[in-house]
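J.: Next comes structure-v2.cif, mmCIF, C-alpha atoms (C1' of nucleotides):
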```
data_coords
loop_
_atom_site.label_atom_id
_atom_site.label_comp_id
_atom_site.auth_asym_id
_atom_site.auth_seq_id
_atom_site.Cartn_x
_atom_site.Cartn_y
_atom_site.Cartn_z
CA MET A 49 157.87 192.41 96.93
CA THR A 50 155.09 194.41 98.51
CA ALA A 51 154.31 191.77 101.12
CA PRO A 52 157.77 191.64 102.70
CA LEU A 53 158.04 195.41 102.77
CA CYS A 54 154.77 195.68 104.54
CA ALA A 55 155.89 193.05 106.99
CA ILE A 56 159.15 194.83 107.60
CA PHE A 57 157.38 198.07 108.23
CA ARG A 58 154.94 196.47 110.64
CA LYS A 59 157.75 194.82 112.48
CA HIS A 60 159.57 198.11 112.79
CA LEU A 61 156.47 199.87 114.05
CA LYS A 62 155.74 197.12 116.50
CA SER A 63 159.24 197.31 117.89
CA ARG A 64 158.64 200.94 118.66
CA ASN A 65 155.14 200.37 119.99
CA LEU A 66 153.60 202.21 117.07
CA LYS A 67 150.65 201.25 114.97
CA TYR A 68 150.26 200.15 111.41
CA THR A 69 147.46 202.53 110.47
CA PRO A 70 145.54 202.76 107.19
CA GLU A 71 147.29 206.04 106.39
CA ARG A 72 150.69 204.46 106.86
CA ALA A 73 149.71 201.49 104.73
CA ASP A 74 148.44 203.79 101.99
CA ILE A 75 151.64 205.77 102.00
CA LEU A 76 153.82 202.69 101.80
CA ASN A 77 151.72 201.35 98.96
CA ALA A 78 151.86 204.60 97.07
CA ILE A 79 155.63 204.53 97.35
CA ILE A 80 155.83 200.93 96.23
CA GLU A 81 153.60 201.60 93.25
CA ARG A 82 155.59 204.61 92.25
CA ASP A 83 158.83 202.66 92.42
CA ASP A 84 160.96 205.63 91.54
CA VAL A 85 162.56 208.66 93.08
CA PHE A 86 159.84 210.95 94.36
CA GLU A 87 159.34 214.28 96.02
CA VAL A 88 157.00 214.54 98.94
CA GLU A 89 154.69 217.11 97.39
CA GLU A 90 154.52 215.02 94.26
CA LEU A 91 153.60 211.87 96.12
CA LEU A 92 150.94 213.75 98.00
CA MET A 93 149.36 214.96 94.76
CA GLU A 94 149.37 211.48 93.32
CA MET A 95 147.83 209.98 96.40
CA ARG A 96 145.11 212.59 96.40
CA ALA A 97 144.50 212.11 92.71
CA GLY A 98 144.10 208.41 93.50
CA GLY A 99 141.49 209.17 96.10
CA TYR A 100 143.63 208.74 99.18
CA ARG A 101 143.22 211.36 101.82
CA VAL A 102 146.39 211.97 103.84
CA SER A 103 147.66 215.13 105.39
CA LYS A 104 151.03 216.49 104.57
CA ALA A 105 152.02 216.22 108.21
CA THR A 106 151.25 212.52 108.32
CA LEU A 107 153.09 211.99 105.08
CA TYR A 108 156.22 213.59 106.45
CA ARG A 109 155.92 211.71 109.69
CA THR A 110 155.51 208.42 107.87
CA ILE A 111 158.44 209.08 105.59
CA LYS A 112 160.59 209.48 108.63
CA LEU A 113 159.40 206.14 109.95
CA LEU A 114 160.04 204.44 106.63
CA GLN A 115 163.55 205.76 106.62
CA GLU A 116 164.15 204.46 110.10
CA ALA A 117 162.90 201.10 108.97
CA GLY A 118 165.45 201.10 106.16
CA ILE A 119 162.73 200.88 103.53
CA ILE A 120 163.34 204.15 101.77
CA ASN A 121 166.09 206.68 101.89
CA GLN A 122 166.89 210.11 100.65
CA ALA A 123 167.95 210.14 97.06
CA LEU A 124 170.43 212.83 98.05
CA PHE A 125 170.48 214.01 94.57
CA ASP A 126 169.45 217.55 94.71
CA ALA A 127 169.50 218.65 98.26
CA ARG A 128 168.77 221.78 100.12
CA GLN A 129 170.38 222.71 103.36
CA SER A 130 173.23 220.41 102.88
CA HIS A 131 176.78 220.39 103.95
CA TYR A 132 179.51 221.23 101.50
CA GLN A 133 183.08 220.14 101.09
CA LEU A 134 186.13 220.78 98.99
CA ILE A 135 186.42 218.20 96.27
CA TYR A 136 188.74 219.53 93.66
CA GLY A 137 191.74 217.25 93.54
CA LYS A 138 190.96 215.65 96.89
CA ALA A 139 190.78 211.98 97.69
CA PRO A 140 187.09 211.23 97.97
CA ARG A 141 185.71 210.28 101.30
CA ASP A 142 183.51 207.25 101.41
CA TYR A 143 181.29 206.11 104.19
CA LEU A 144 179.74 203.05 105.73
CA VAL A 145 176.55 204.23 107.41
CA CYS A 146 174.62 202.10 109.89
CA ILE A 147 170.90 202.39 109.24
CA LYS A 148 170.15 201.28 112.78
CA THR A 149 172.47 203.36 114.89
CA GLY A 150 173.55 206.11 112.54
CA ARG A 151 177.19 205.42 113.26
CA HIS A 152 179.43 205.85 110.27
CA ILE A 153 182.94 204.83 109.34
CA GLU A 154 184.98 206.74 106.82
CA PHE A 155 187.14 204.81 104.43
CA SER A 156 188.74 205.09 101.08
CA SER A 157 189.30 202.45 98.47
CA ASP A 158 191.65 202.43 95.53
CA ASP A 159 189.62 199.67 93.95
CA LEU A 160 186.60 201.91 94.05
CA VAL A 161 188.46 204.74 92.37
CA ALA A 162 189.72 202.35 89.70
CA LEU A 163 186.21 201.09 89.11
CA ARG A 164 184.90 204.64 88.95
CA ASP A 165 187.48 205.69 86.40
CA GLN A 166 186.75 202.63 84.33
CA LEU A 167 183.02 203.36 84.36
CA CYS A 168 183.66 206.93 83.31
CA ARG A 169 185.92 205.90 80.48
CA LYS A 170 183.29 203.52 79.23
CA HIS A 171 180.93 206.47 78.81
CA GLY A 172 183.55 208.89 77.61
CA TRP A 173 183.36 211.08 80.71
CA ASP A 174 186.24 212.50 82.74
CA PRO A 175 186.05 211.66 86.43
CA VAL A 176 186.35 214.54 88.87
CA GLY A 177 185.24 213.01 92.14
CA HIS A 178 182.60 210.82 93.67
CA ARG A 179 180.51 210.05 96.66
CA PHE A 180 179.95 206.55 97.93
CA LEU A 181 177.62 205.89 100.83
CA VAL A 182 177.10 202.31 101.87
CA TYR A 183 174.05 201.65 103.99
CA ALA A 184 174.56 198.71 106.25
CA ILE A 185 173.91 197.28 109.66
CA SER A 186 176.76 197.51 112.10
CA PRO A 187 177.45 194.81 114.70
CA GLU A 188 175.88 196.98 117.41
CA GLY A 189 172.87 197.63 115.22
CA ARG A 190 172.41 193.95 114.66
CA ASP A 191 172.23 193.35 118.36
CA GLN A 192 169.59 195.95 118.94
CA ALA A 193 166.06 194.87 119.57
CA ASP A 194 163.95 194.97 116.46
CA MET B 50 196.94 223.48 96.64
CA THR B 51 195.48 226.88 97.34
CA ALA B 52 197.10 228.49 94.33
CA PRO B 53 195.59 226.18 91.71
CA LEU B 54 192.17 226.38 93.30
CA CYS B 55 192.26 230.11 93.22
CA ALA B 56 193.36 230.00 89.59
CA ILE B 57 190.59 227.60 88.73
CA PHE B 58 188.03 229.80 90.37
CA ARG B 59 189.29 232.92 88.59
CA LYS B 60 189.20 231.11 85.30
CA HIS B 61 185.65 230.01 85.90
CA LEU B 62 184.58 233.52 86.85
CA LYS B 63 186.31 235.02 83.87
CA SER B 64 184.57 232.61 81.54
CA ARG B 65 181.27 233.89 82.83
CA ASN B 66 182.33 237.52 82.80
CA LEU B 67 182.24 237.69 86.55
CA LYS B 68 184.77 239.22 88.88
CA TYR B 69 187.15 237.79 91.40
CA THR B 70 186.25 240.05 94.31
CA PRO B 71 187.82 240.23 97.77
CA GLU B 72 184.70 238.67 99.26
CA ARG B 73 184.91 235.75 96.88
CA ALA B 74 188.60 235.29 97.60
CA ASP B 75 187.97 235.36 101.35
CA ILE B 76 185.26 232.76 101.07
CA LEU B 77 187.38 230.43 98.99
CA ASN B 78 190.24 230.80 101.45
CA ALA B 79 188.03 230.13 104.42
CA ILE B 80 186.85 226.94 102.75
CA ILE B 81 190.38 225.86 101.92
CA GLU B 82 191.56 226.51 105.46
CA ARG B 83 188.68 224.59 106.89
CA ASP B 84 189.34 221.62 104.67
CA ASP B 85 186.41 219.65 105.97
CA VAL B 86 182.70 219.29 105.54
CA PHE B 87 181.03 222.52 106.57
CA GLU B 88 177.65 224.10 106.95
CA VAL B 89 177.03 227.54 105.59
CA GLU B 90 176.05 229.13 108.85
CA GLU B 91 179.08 227.59 110.50
CA LEU B 92 181.45 228.93 107.89
CA LEU B 93 179.89 232.35 108.21
CA MET B 94 180.48 232.36 111.97
CA GLU B 95 184.06 231.31 111.53
CA MET B 96 184.72 233.95 108.94
CA ARG B 97 183.25 236.60 111.15
CA ALA B 98 185.21 235.37 114.14
CA GLY B 99 188.28 235.70 111.95
CA GLY B 100 187.44 239.29 111.17
CA TYR B 101 186.05 238.80 107.70
CA ARG B 102 182.89 240.65 106.92
CA VAL B 103 180.68 238.88 104.39
CA SER B 104 176.94 238.82 104.12
CA LYS B 105 175.04 235.61 104.15
CA ALA B 106 173.65 236.41 100.72
CA THR B 107 177.10 236.75 99.22
CA LEU B 108 178.20 233.57 100.89
CA TYR B 109 175.35 231.63 99.38
CA ARG B 110 175.91 233.22 96.01
CA THR B 111 179.60 232.36 96.11
CA ILE B 112 178.98 228.81 97.18
CA LYS B 113 176.86 228.37 94.10
CA LEU B 114 179.69 229.67 91.94
CA LEU B 115 182.21 227.39 93.60
CA GLN B 116 179.99 224.44 92.92
CA GLU B 117 179.69 225.39 89.29
CA ALA B 118 183.45 225.60 89.12
CA GLY B 119 183.70 222.06 90.45
CA ILE B 120 185.67 223.19 93.49
CA ILE B 121 183.24 222.19 96.17
CA ASN B 122 180.14 220.10 96.21
CA GLN B 123 177.35 219.16 98.50
CA ALA B 124 178.34 216.53 101.01
CA LEU B 125 174.84 215.13 100.61
CA PHE B 126 175.05 213.61 103.95
CA ASP B 127 172.18 214.95 105.87
CA ALA B 128 169.82 216.75 103.60
CA ARG B 129 166.57 218.53 103.85
CA GLN B 130 164.02 218.69 101.11
CA SER B 131 165.44 215.85 99.25
CA HIS B 132 163.98 213.24 97.06
CA TYR B 133 163.32 209.80 98.41
CA GLN B 134 163.33 206.35 96.94
CA LEU B 135 162.62 202.77 97.82
CA ILE B 136 165.81 200.95 98.71
CA TYR B 137 164.94 197.87 100.62
CA GLY B 138 166.06 194.89 98.60
CA LYS B 139 166.35 196.92 95.40
CA ALA B 140 169.25 197.03 93.04
CA PRO B 141 170.89 200.32 93.89
CA ARG B 142 170.85 203.07 91.33
CA ASP B 143 174.13 204.71 90.65
CA TYR B 144 174.74 207.89 88.77
CA LEU B 145 177.28 209.66 86.66
CA VAL B 146 176.65 213.37 87.16
CA CYS B 147 178.17 216.02 84.92
CA ILE B 148 179.39 218.95 86.99
CA LYS B 149 179.25 221.23 83.99
CA THR B 150 175.89 220.49 82.49
CA GLY B 151 174.05 218.68 85.25
CA ARG B 152 173.18 215.84 82.95
CA HIS B 153 173.21 212.47 84.61
CA ILE B 154 173.30 208.87 83.50
CA GLU B 155 171.96 206.07 85.61
CA PHE B 156 173.86 202.81 85.70
CA SER B 157 174.36 199.81 87.83
CA SER B 158 177.44 197.73 88.36
CA ASP B 159 177.81 194.25 89.74
CA ASP B 160 181.46 194.89 90.40
CA LEU B 161 180.51 197.81 92.58
CA VAL B 162 178.10 195.69 94.56
CA ALA B 163 180.74 193.02 94.99
CA LEU B 164 183.23 195.61 96.18
CA ARG B 165 180.67 197.06 98.56
CA ASP B 166 179.89 193.67 100.06
CA GLN B 167 183.55 192.93 100.46
CA LEU B 168 184.13 196.25 102.22
CA CYS B 169 181.25 195.58 104.56
CA ARG B 170 182.46 192.11 105.39
CA LYS B 171 185.88 193.48 106.19
CA HIS B 172 184.29 195.63 108.89
CA GLY B 173 181.79 193.03 110.01
CA TRP B 174 178.77 194.98 108.76
CA ASP B 175 175.81 193.66 106.77
CA PRO B 176 175.20 195.56 103.54
CA VAL B 177 171.69 196.85 102.94
CA GLY B 178 172.13 199.26 100.06
CA HIS B 179 174.31 202.05 98.82
CA ARG B 180 174.51 205.27 96.91
CA PHE B 181 177.20 205.98 94.40
CA LEU B 182 177.41 209.35 92.71
CA VAL B 183 180.27 209.94 90.33
CA TYR B 184 181.01 213.54 89.52
CA ALA B 185 182.53 213.89 86.11
CA ILE B 186 182.64 215.99 83.00
CA SER B 187 180.57 214.77 80.12
CA PRO B 188 181.66 215.15 76.50
CA GLU B 189 179.26 218.09 76.07
CA GLY B 190 180.54 219.68 79.24
CA ARG B 191 184.10 219.39 78.03
CA ASP B 192 183.23 221.27 74.88
CA GLN B 193 181.66 224.15 76.76
CA ALA B 194 183.58 227.38 77.01
CA ASP B 195 185.51 227.62 80.19
"C1'" DG C 236 178.12 255.56 82.67
"C1'" DT C 237 177.40 250.70 82.47
"C1'" DC C 238 177.46 246.36 84.58
"C1'" DG C 239 178.16 243.46 88.09
"C1'" DG C 240 178.70 242.93 93.37
"C1'" DT C 241 177.28 243.57 98.06
"C1'" DG C 242 174.36 243.85 102.15
"C1'" DC C 243 170.10 244.14 104.14
"C1'" DA C 244 165.66 242.76 104.85
"C1'" DA C 245 161.77 240.56 103.07
"C1'" DA C 246 160.04 236.63 100.76
"C1'" DT C 247 160.06 231.57 99.65
"C1'" DG C 248 159.02 227.13 100.32
"C1'" DC C 249 160.02 222.69 102.34
"C1'" DT C 250 159.55 220.65 106.72
"C1'" DT C 251 158.28 220.47 111.57
"C1'" DT C 252 155.38 221.28 115.52
"C1'" DG C 253 151.48 222.48 118.77
"C1'" DC C 254 147.09 221.44 119.66
"C1'" DA C 255 142.49 219.70 119.68
"C1'" DT C 256 140.17 215.70 118.07
"C1'" DT C 257 139.68 210.83 116.97
"C1'" DG C 258 140.48 205.94 117.26
"C1'" DA C 259 142.24 201.53 118.92
"C1'" DT C 260 143.06 198.28 122.79
"C1'" DA D 194 140.82 205.27 130.22
"C1'" DT D 195 145.15 205.53 127.99
"C1'" DC D 196 148.27 206.26 124.48
"C1'" DA D 197 149.23 207.19 119.97
"C1'" DA D 198 147.65 209.08 115.26
"C1'" DT D 199 145.64 212.50 112.44
"C1'" DG D 200 144.71 217.09 110.28
"C1'" DC D 201 145.02 221.76 110.37
"C1'" DA D 202 147.27 225.85 110.80
"C1'" DA D 203 151.10 228.12 112.62
"C1'" DA D 204 155.94 228.19 113.28
"C1'" DG D 205 160.81 227.21 111.84
"C1'" DC D 206 164.56 227.73 109.22
"C1'" DA D 207 167.86 227.32 105.35
"C1'" DT D 208 168.03 229.50 101.13
"C1'" DT D 209 166.79 232.94 97.62
"C1'" DT D 210 165.48 237.37 95.91
"C1'" DG D 211 164.40 242.44 95.36
"C1'" DC D 212 166.37 246.59 95.80
"C1'" DA D 213 169.31 250.48 96.69
"C1'" DC D 214 173.94 251.69 96.87
"C1'" DC D 215 178.89 251.06 95.65
"C1'" DG D 216 182.91 250.27 92.80
"C1'" DA D 217 185.67 248.80 88.76
"C1'" DC D 218 186.67 249.42 83.98
#
```
Is it possible to express this structure as structure tokens?

T.:
Amino acid sequence: MTAPLCAIFRKHLKSRNLKYTPERADILNAIIERDDVFEVEELLMEMRAGGYRVSKATLYRTIKLLQEAGIINQALFDARQSHYQLIYGKAPRDYLVCIKTGRHIEFSSDDLVALRDQLCRKHGWDPVGHRFLVYAISPEGRDQAD
Amino acid sequence: MTAPLCAIFRKHLKSRNLKYTPERADILNAIIERDDVFEVEELLMEMRAGGYRVSKATLYRTIKLLQEAGIINQALFDARQSHYQLIYGKAPRDYLVCIKTGRHIEFSSDDLVALRDQLCRKHGWDPVGHRFLVYAISPEGRDQAD
DNA sequence: GTCGGTGCAAATGCTTTGCATTGAT
DNA sequence: ATCAATGCAAAGCATTTGCACCGAC
């Protein structure tokens, strides 16, 4: 699993004429080893504890690159500075998001709602709403150089 | 639609021994009228343009209350300071999140993945990953005073 | 008169940026 | 030599907080 990720990252960097530096390799490895949701500060501590020397600036810059490469994404679980929306009693809005171009399509699916309600029932919870983001590559994104 | 929301908000406030003030009413109304994803600063501008005088502090404080009441939530679409996670080639992690207690359960569903892939195919996109957050009320949350 | 609410301004704290230095081709 | 990467410290910026004043019950 680590080999392909590394290869994907290198490919992405190459396509943008950027370099696969030791710092970037270390960061990717630290993320792979962690294999869990992480906060930036947290990852930095761990890397330093493990003897890796990276600056916070480089870490942030690399995280952005890894996102662009489709290797990591935001857990979007506890966000600051986010957008808000009415949910109470509204049909949920679901999105297809292209990881290459950023384009997104809004859709809504009854099957999804049915599945959601079924999952809730299974756990004894009462559904109120949901958020479904599908990360994908759009036809235009597929055609882009990579 | 606006009446029940207002009632729900009042009920929530009452349960916490808080008051339904004119500022809070104005904010809820502005959000209802907008009926779309919004940013805080944006909403503030609009309210002011409409002649409503609210401070940014009150707006933020009210948004927190509205979230607690389950009336709005974060669109989680473009976040700062968020958590990150590996996604490439990983089984996606899906969550049931209790809007009352904050407790969350992680799960994963093959049916969901199948549905996701089908939706992507329908639009000619290639699925890479997804994020599914279900907002619900857990058994403990249901038992809480409200 | 007590308790919460509001606005303002200051403080926080994550993230980004400017800049000088370093390294790879 | 050129072009990008790094680290540091400073800057940015959305959000939160402290505090003094106001208003409802």

J.: Fewer than 3 positions away in the same chain doesn't count, so skip those; otherwise give me all residues within 7 Å of stretch 180-191 of chain A, counting only C-alpha atoms (C1' of nucleotides), as a ChimeraX atom specification.

T.: /A:142-149 /B:173-182

J.: Can you translate the PyMOL selection byres ((chain B) within 10 of (chain D)) into the concrete residues it hits in this file, as a PyMOL selection string?

T.: chain B and resi 68+89-90+105-106+109-110+129

J.: Output C-alpha atoms for every residue in the selection just made, as a PDB file, keeping the file's coordinate frame.

T.:
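Okay, this is what ended up in result-v3.pdb:
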```pdb
ATOM      1  CA  LYS B  68     184.770 239.220  88.880  1.00  0.00           C
ATOM      2  CA  VAL B  89     177.030 227.540 105.590  1.00  0.00           C
ATOM      3  CA  GLU B  90     176.050 229.130 108.850  1.00  0.00           C
ATOM      4  CA  LYS B 105     175.040 235.610 104.150  1.00  0.00           C
ATOM      5  CA  ALA B 106     173.650 236.410 100.720  1.00  0.00           C
ATOM      6  CA  TYR B 109     175.350 231.630  99.380  1.00  0.00           C
ATOM      7  CA  ARG B 110     175.910 233.220  96.010  1.00  0.00           C
ATOM      8  CA  ARG B 129     166.570 218.530 103.850  1.00  0.00           C
TER       9      ARG B 129
END
```

J.: Can you give me, as an mmCIF file with C-alpha atoms (C1' of nucleotides), in the frame of the given file, the residues this file yields under the PyMOL selection byres ((chain C and resi 240-257) around 7)?

T.:
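Saved as part.cif:
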```cif
data_model
loop_
_atom_site.group_PDB
_atom_site.id
_atom_site.type_symbol
_atom_site.label_atom_id
_atom_site.label_comp_id
_atom_site.auth_asym_id
_atom_site.auth_seq_id
_atom_site.Cartn_x
_atom_site.Cartn_y
_atom_site.Cartn_z
ATOM 1 C CA SER B 104 176.940 238.820 104.120
ATOM 2 C CA THR B 107 177.100 236.750 99.220
ATOM 3 C CA GLN B 130 164.020 218.690 101.110
ATOM 4 C "C1'" DG C 239 178.160 243.460 88.090
ATOM 5 C "C1'" DG C 258 140.480 205.940 117.260
#
```

J.: Looking at A:Leu113, A:Ala55, A:Cys168, A:Ala73, which one is nearest to chain B, with distances taken over only C-alpha atoms?

T.: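 Checking each candidate against chain B, we get A:Cys168 as the closest.
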
J.: List the residues selected by the PyMOL selection byres ((chain A and resi 57) around 9) in the file shown, writing them as a count of residues only.

T.: 17

J.: One number please: atom CA of A:Tyr132 to atom CA of B:Thr70, in Å, one decimal.

T.: 21.2 Å

J.: Could you name the residues that touch A:Ala97 at 12 Å or less, counting all atoms listed in the file, but leaving out those on the same chain fewer than 6 positions away, as a list in words?

T.: Ala78, Glu90 and Leu91 of chain A

J.: Create the file for the chosen residues now, containing C-alpha atoms and written as a CSV table (one decimal), in the coordinates of the input.

T.:
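Generated output (again31.csv):
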```csv
chain,number,residue,atom,x,y,z
A,78,ALA,CA,151.9,204.6,97.1
A,90,GLU,CA,154.5,215.0,94.3
A,91,LEU,CA,153.6,211.9,96.1
```

J.: Work out how far atom CA of B:Tyr101 is from atom CA of B:Glu82, in Å to one decimal.

T.: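 Interatomic distance here is 13.7 Å.
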
J.: Grab the atom CA of A:Ile153 to atom CA of A:Arg64 distance for me, in Å with one decimal place.

T.: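 Going from atom CA of A:Ile153 over to atom CA of A:Arg64, I get 26.3 Å.
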
J.: Report as JSON the centre and the edge lengths, in Å to one decimal, of the axis-aligned box holding every listed atom of stretch 207-211 of chain D, padded by 5 Å on each side.

T.:
```
{"center_x": 166.2, "center_y": 234.9, "center_z": 100.4, "size_x": 13.6, "size_y": 25.1, "size_z": 20.0}
```
